[in-house]
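Before any comments, here is the structure.
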Amino acid sequence: MPFPHVLLSAAVSLDGYLDDTGPERLLLSSPADFDRVDEVRASVDAILVGAGTIRADNPRLLVNSAERRAGRVAAGKPPYPLKVTVSGSGDLDPAAKFWHTGGDKVVYTTEDGARRLKASDLAADVVPLGPELDWRALLTHLHDVRGVRRLMVEGGGTVHTQLLRQGLADELQLVLAPLFVGAPDAPRLFGPGPYQGGRLRLLESRTIGDVVLMRYEPTAPGVGGTASAADRHWLGLACELAALCPPSRTAFSVGAVVVAQDGTELARGYSREGGDPLAHAEEAALAKIAPGDPRLAGATVYSSLEPCAQRASRPRPCAQLILDAGVRRVVTAWREPDTFVAGADGSGVLARAGADVVVLPEYAAAAKAPNEHLAERG
């Protein structure tokens with residue numbers, strides 16, 4: 001299911017703390033960075049914080065600039081983004097500032113938490129997710145029911161940690177403040193435990209007053225049949241590559257990227273690349289990788305169109321090429337229509353051989369765009 005773009009936003013000390021242990025909140029950002037955060041808030045559809053942040057910081061989470069609020073209204077949006085919190089227990093103070101400022105509010109909780117919240121006369125919509133909190137269900141509901149396309153997450157550390165561990169964060173905006181906290185009991189941004197492997201990609205680094213903003217995005221593919229935020233990035237790139245294909249009336253335009261388990265791009269390709277009128281995207285990409293490369297066993301192939309299962313132009317179809325290379329995970333946007341081959345089922349070929357196939361239909365329109373001239377063929 002499609003999710004919003006999830007942006008994690010946080011400021012930390014040089015030793016990785018979100019706050020100290022004093023009675024007042026430690027201000028880590030500079031005035032200029034607070035204004036940047038206000039700008040980011042104005043650009044999103046919703047802002048989320050955990051229940052612990054509401055209890056500890058009592059935030060309002062507003063767009064403070066009147067000019068930015070006016071800009072949202074002019075664009076047909078409410079003046080303030082939707083405010084979202086998550087609480088498994090439903091233990092939330094109805095008097096907190098969170099509920100009494102800004103626009104609409106929603107609480108995601110468990111079935112037990114929902115019973116408690118509905119008895120508290122809280123000024124918010126209450127959405128139970130089941131017996132336990134489920135981040136994927138939460139993001140799906142925000143996208144499909146509340147129309148959220150960009151979600152800003154402002155804490156706390158537990159929420160950030162859970163989203164990163166589950167591969168659901170599309171971007172991390174981290175501000176590094178020039179001070180140390182040093183208190184072992186102070187809250188840290190990220191907790192210990194297993195995270196997705198690989199290095200994050202640095203998108204931007206700049207100074208804002210005396211702090212440094214760093215923007216990262218994850219690169220490591222998901223695991224098995226579960227999609228990660230990085231999967232969406234790589235599949236989007238494959239769809240962009242499809243637009244580079246020389247046009248054809250007798251073959252699809254497809255883009256493909258091969259990515260190692262740690263997020264390293266191994267190769268990319270597109271249909272008819274290099275002037276070869278018979279080249280398929282997956283074939284072009286795999287041909288650039290040395291046979292037997294040990295990274296292929298844990299790699300993912302991203303293809304804008306389902307890899308072909310039948311092929312007249314070459315001895316082996318792309319589904320078989322992928323399997324022969326040792327790859328056992330494929331992410332695609334669009335199942336092959338019957339335009340050239342009736343009953344095409346590359347995904348079935350892959351799955352029967354033990355490969356995981358993930359289909360992200362929210363990218364189907366991008367995958368189909370370079371092939372619109374073939375629509376009349378079926």
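Going by the structure tokens order, chains are called A, B, ..., each with residues numbered from 1, while ligands are numbered from 1 in the order shown.
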
Selection: 7 Å around region 228-234 of chain A, only C-alpha atoms, excl. self and same-chain fewer than 6 positions, as a compact mmCIF listing (two decimals) with N, CA and C atoms, in the first residue's frame:
# COMPACT_ATOMS: atom_id res chain seq x y z
N GLY A 167 12.37 0.45 8.29
CA GLY A 167 12.59 0.88 6.92
C GLY A 167 11.51 1.78 6.38
N LEU A 168 10.89 2.58 7.24
CA LEU A 168 9.75 3.40 6.84
C LEU A 168 10.09 4.88 6.71
N ALA A 169 11.32 5.25 7.03
CA ALA A 169 11.71 6.66 6.94
C ALA A 169 12.33 6.94 5.57
N ASP A 170 11.76 7.90 4.85
CA ASP A 170 12.29 8.28 3.54
C ASP A 170 13.44 9.27 3.65
N PRO A 218 17.85 6.77 3.31
CA PRO A 218 18.35 5.39 3.39
C PRO A 218 18.54 4.81 2.00
N THR A 219 19.43 3.83 1.90
CA THR A 219 19.71 3.21 0.61
C THR A 219 19.48 1.70 0.61
N ALA A 220 19.45 1.06 1.77
CA ALA A 220 19.39 -0.40 1.83
C ALA A 220 18.01 -0.91 1.42
N PRO A 221 17.96 -1.88 0.50
CA PRO A 221 16.66 -2.46 0.12
C PRO A 221 15.95 -3.11 1.30
N GLY A 222 14.66 -3.35 1.13
CA GLY A 222 13.90 -4.07 2.13
C GLY A 222 14.30 -5.53 2.17
N TYR A 302 15.44 -3.84 -9.32
CA TYR A 302 14.29 -2.94 -9.45
C TYR A 302 14.01 -2.77 -10.93

Neighbours of region 52-56 of chain A within 12 Å (only C-alpha atoms; same-chain residues fewer than 5 positions away dropped), as a ChimeraX atom specification? /A:18-26,61,83-99,107,153-160,187

Tell me, as an MDAnalysis selection string, which residues lie within 9 Å of Arg335 (chain A), counting only C-alpha atoms; anything in the same chain fewer than 5 positions away does not count. chainID A and resid 305:307 344:347 359 361 364

Using N, CA, C and O atoms, can you write the selected residues to a file as a PDB file, in the first residue's frame?
ATOM      1  N   LEU A 305       8.965  -2.468 -15.153  1.00  0.00           N
ATOM      2  CA  LEU A 305       7.991  -3.442 -15.644  1.00  0.00           C
ATOM      3  C   LEU A 305       8.414  -4.824 -15.185  1.00  0.00           C
ATOM      4  O   LEU A 305       9.609  -5.146 -15.152  1.00  0.00           O
ATOM      5  N   GLU A 306       7.450  -5.635 -14.841  1.00  0.00           N
ATOM      6  CA  GLU A 306       7.714  -7.021 -14.457  1.00  0.00           C
ATOM      7  C   GLU A 306       8.699  -7.686 -15.435  1.00  0.00           C
ATOM      8  O   GLU A 306       8.523  -7.600 -16.652  1.00  0.00           O
ATOM      9  N   PRO A 307       9.750  -8.345 -14.951  1.00  0.00           N
ATOM     10  CA  PRO A 307      10.692  -9.017 -15.850  1.00  0.00           C
ATOM     11  C   PRO A 307       9.978 -10.034 -16.736  1.00  0.00           C
ATOM     12  O   PRO A 307       9.064 -10.737 -16.286  1.00  0.00           O
ATOM     13  N   ALA A 344       1.563 -13.231 -19.850  1.00  0.00           N
ATOM     14  CA  ALA A 344       2.918 -13.056 -19.315  1.00  0.00           C
ATOM     15  C   ALA A 344       2.893 -13.120 -17.793  1.00  0.00           C
ATOM     16  O   ALA A 344       2.014 -12.545 -17.152  1.00  0.00           O
ATOM     17  N   ASP A 345       3.868 -13.799 -17.216  1.00  0.00           N
ATOM     18  CA  ASP A 345       3.874 -13.954 -15.759  1.00  0.00           C
ATOM     19  C   ASP A 345       5.300 -14.117 -15.248  1.00  0.00           C
ATOM     20  O   ASP A 345       5.661 -15.133 -14.671  1.00  0.00           O
ATOM     21  N   GLY A 346       6.111 -13.091 -15.479  1.00  0.00           N
ATOM     22  CA  GLY A 346       7.476 -13.134 -14.971  1.00  0.00           C
ATOM     23  C   GLY A 346       7.530 -13.236 -13.464  1.00  0.00           C
ATOM     24  O   GLY A 346       8.406 -13.902 -12.904  1.00  0.00           O
ATOM     25  N   SER A 347       6.578 -12.586 -12.791  1.00  0.00           N
ATOM     26  CA  SER A 347       6.548 -12.652 -11.329  1.00  0.00           C
ATOM     27  C   SER A 347       6.316 -14.079 -10.855  1.00  0.00           C
ATOM     28  O   SER A 347       6.908 -14.526  -9.865  1.00  0.00           O
ATOM     29  N   VAL A 359       5.499  -5.790  -5.544  1.00  0.00           N
ATOM     30  CA  VAL A 359       4.893  -4.900  -6.530  1.00  0.00           C
ATOM     31  C   VAL A 359       4.433  -3.632  -5.809  1.00  0.00           C
ATOM     32  O   VAL A 359       3.690  -3.704  -4.818  1.00  0.00           O
ATOM     33  N   PRO A 361       2.348  -0.695  -6.759  1.00  0.00           N
ATOM     34  CA  PRO A 361       1.494  -0.169  -7.831  1.00  0.00           C
ATOM     35  C   PRO A 361       1.406   1.346  -7.869  1.00  0.00           C
ATOM     36  O   PRO A 361       0.985   1.905  -8.881  1.00  0.00           O
ATOM     37  N   ALA A 364       3.051   2.593 -10.873  1.00  0.00           N
ATOM     38  CA  ALA A 364       2.612   2.083 -12.173  1.00  0.00           C
ATOM     39  C   ALA A 364       2.444   3.195 -13.201  1.00  0.00           C
ATOM     40  O   ALA A 364       2.811   3.039 -14.370  1.00  0.00           O
TER      41      ALA A 364
END

With only C-alpha atoms as the counted atoms, please give the residues lying no more than 6 Å from Gln173 (chain A), apart from itself and same-chain residues fewer than 4 positions off, as a PDB file with N, CA and C atoms, in the first residue's frame.
ATOM      1  N   LEU A   8      11.934  12.394   8.986  1.00  0.00           N
ATOM      2  CA  LEU A   8      12.281  12.468  10.401  1.00  0.00           C
ATOM      3  C   LEU A   8      13.090  13.732  10.655  1.00  0.00           C
ATOM      4  N   SER A   9      12.695  14.508  11.644  1.00  0.00           N
ATOM      5  CA  SER A   9      13.358  15.777  11.948  1.00  0.00           C
ATOM      6  C   SER A   9      13.765  15.792  13.419  1.00  0.00           C
ATOM      7  N   MET A 214      22.097  18.266   8.380  1.00  0.00           N
ATOM      8  CA  MET A 214      22.464  17.177   7.478  1.00  0.00           C
ATOM      9  C   MET A 214      21.196  16.439   7.071  1.00  0.00           C
ATOM     10  N   ARG A 215      21.011  16.277   5.774  1.00  0.00           N
ATOM     11  CA  ARG A 215      19.853  15.552   5.244  1.00  0.00           C
ATOM     12  C   ARG A 215      20.336  14.244   4.630  1.00  0.00           C
TER      13      ARG A 215
END

Skipping near chain neighbours, those fewer than 5 positions away, what residues fall within 10 Å of Pro294 (chain A) using only C-alpha atoms, listed as a compact mmCIF listing (two decimals) with N, CA and C atoms, in the first residue's frame?
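After the write, out-v8.txt holds the following:
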# COMPACT_ATOMS: atom_id res chain seq x y z
N ALA A 260 22.82 -3.76 -4.17
CA ALA A 260 23.29 -4.73 -3.18
C ALA A 260 22.55 -4.57 -1.86
N ALA A 299 21.22 -9.20 -3.45
CA ALA A 299 20.81 -7.98 -4.15
C ALA A 299 19.33 -7.97 -4.47
N ALA A 325 21.58 -15.23 -12.27
CA ALA A 325 22.57 -14.36 -11.63
C ALA A 325 22.64 -14.58 -10.13
N GLY A 326 21.66 -15.28 -9.57
CA GLY A 326 21.64 -15.53 -8.13
C GLY A 326 20.79 -14.56 -7.34

Fewer than 2 positions away in the same chain doesn't count, so skip those; otherwise give me all residues within 12 Å of Val349 (chain A), counting only C-alpha atoms, as a PyMOL selection string. chain A and resi 306-310+317-323+328+330+344-347+351-357

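Residue neighbourhood of Gly147 (chain A), excluding near-sequence residues (fewer than 2 positions): Pro2, Phe3, Pro4, His5, Val44, Asp45, Ala46, Lys77, Pro81, Leu82, Leu139, Thr140, His141, Leu142, His143, Asp144, Val145, Arg149, Arg150 and Leu151 of chain A, at 12 Å, using only C-alpha atoms.
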
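DSSP on the backbone gives strand (DSSP E or B) for these parts of region 245-279 of chain A: A:Gly255, A:Ala256, A:Val257, A:Val258, A:Val259, A:Glu265, A:Leu266, A:Ala267, A:Arg268, A:Gly269, A:Tyr270.
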
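The nearest approach to Leu200 (chain A) among the residues A:Glu240, A:Glu282, A:Glu336, A:Glu217, with only C-alpha atoms taken into account, belongs to A:Glu217.
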
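Checking A:Gly50, A:Gly275, A:Gly236, A:Pro128 one by one against Ala256 (chain A), counting only C-alpha atoms, you find the shortest gap at A:Gly236.
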
Residues of region 278-343 of chain A in alpha helix (DSSP H), written as a list in words: Ala281, Glu282, Glu283, Ala284, Ala285, Leu286, Cys318, Ala319, Gln320, Leu321, Ile322, Leu323, Asp324 and Ala325 of chain A

Tell me, in Å to one decimal, how far CA of Leu360 (chain A) is from CA of Ala242 (chain A). 16.1 Å
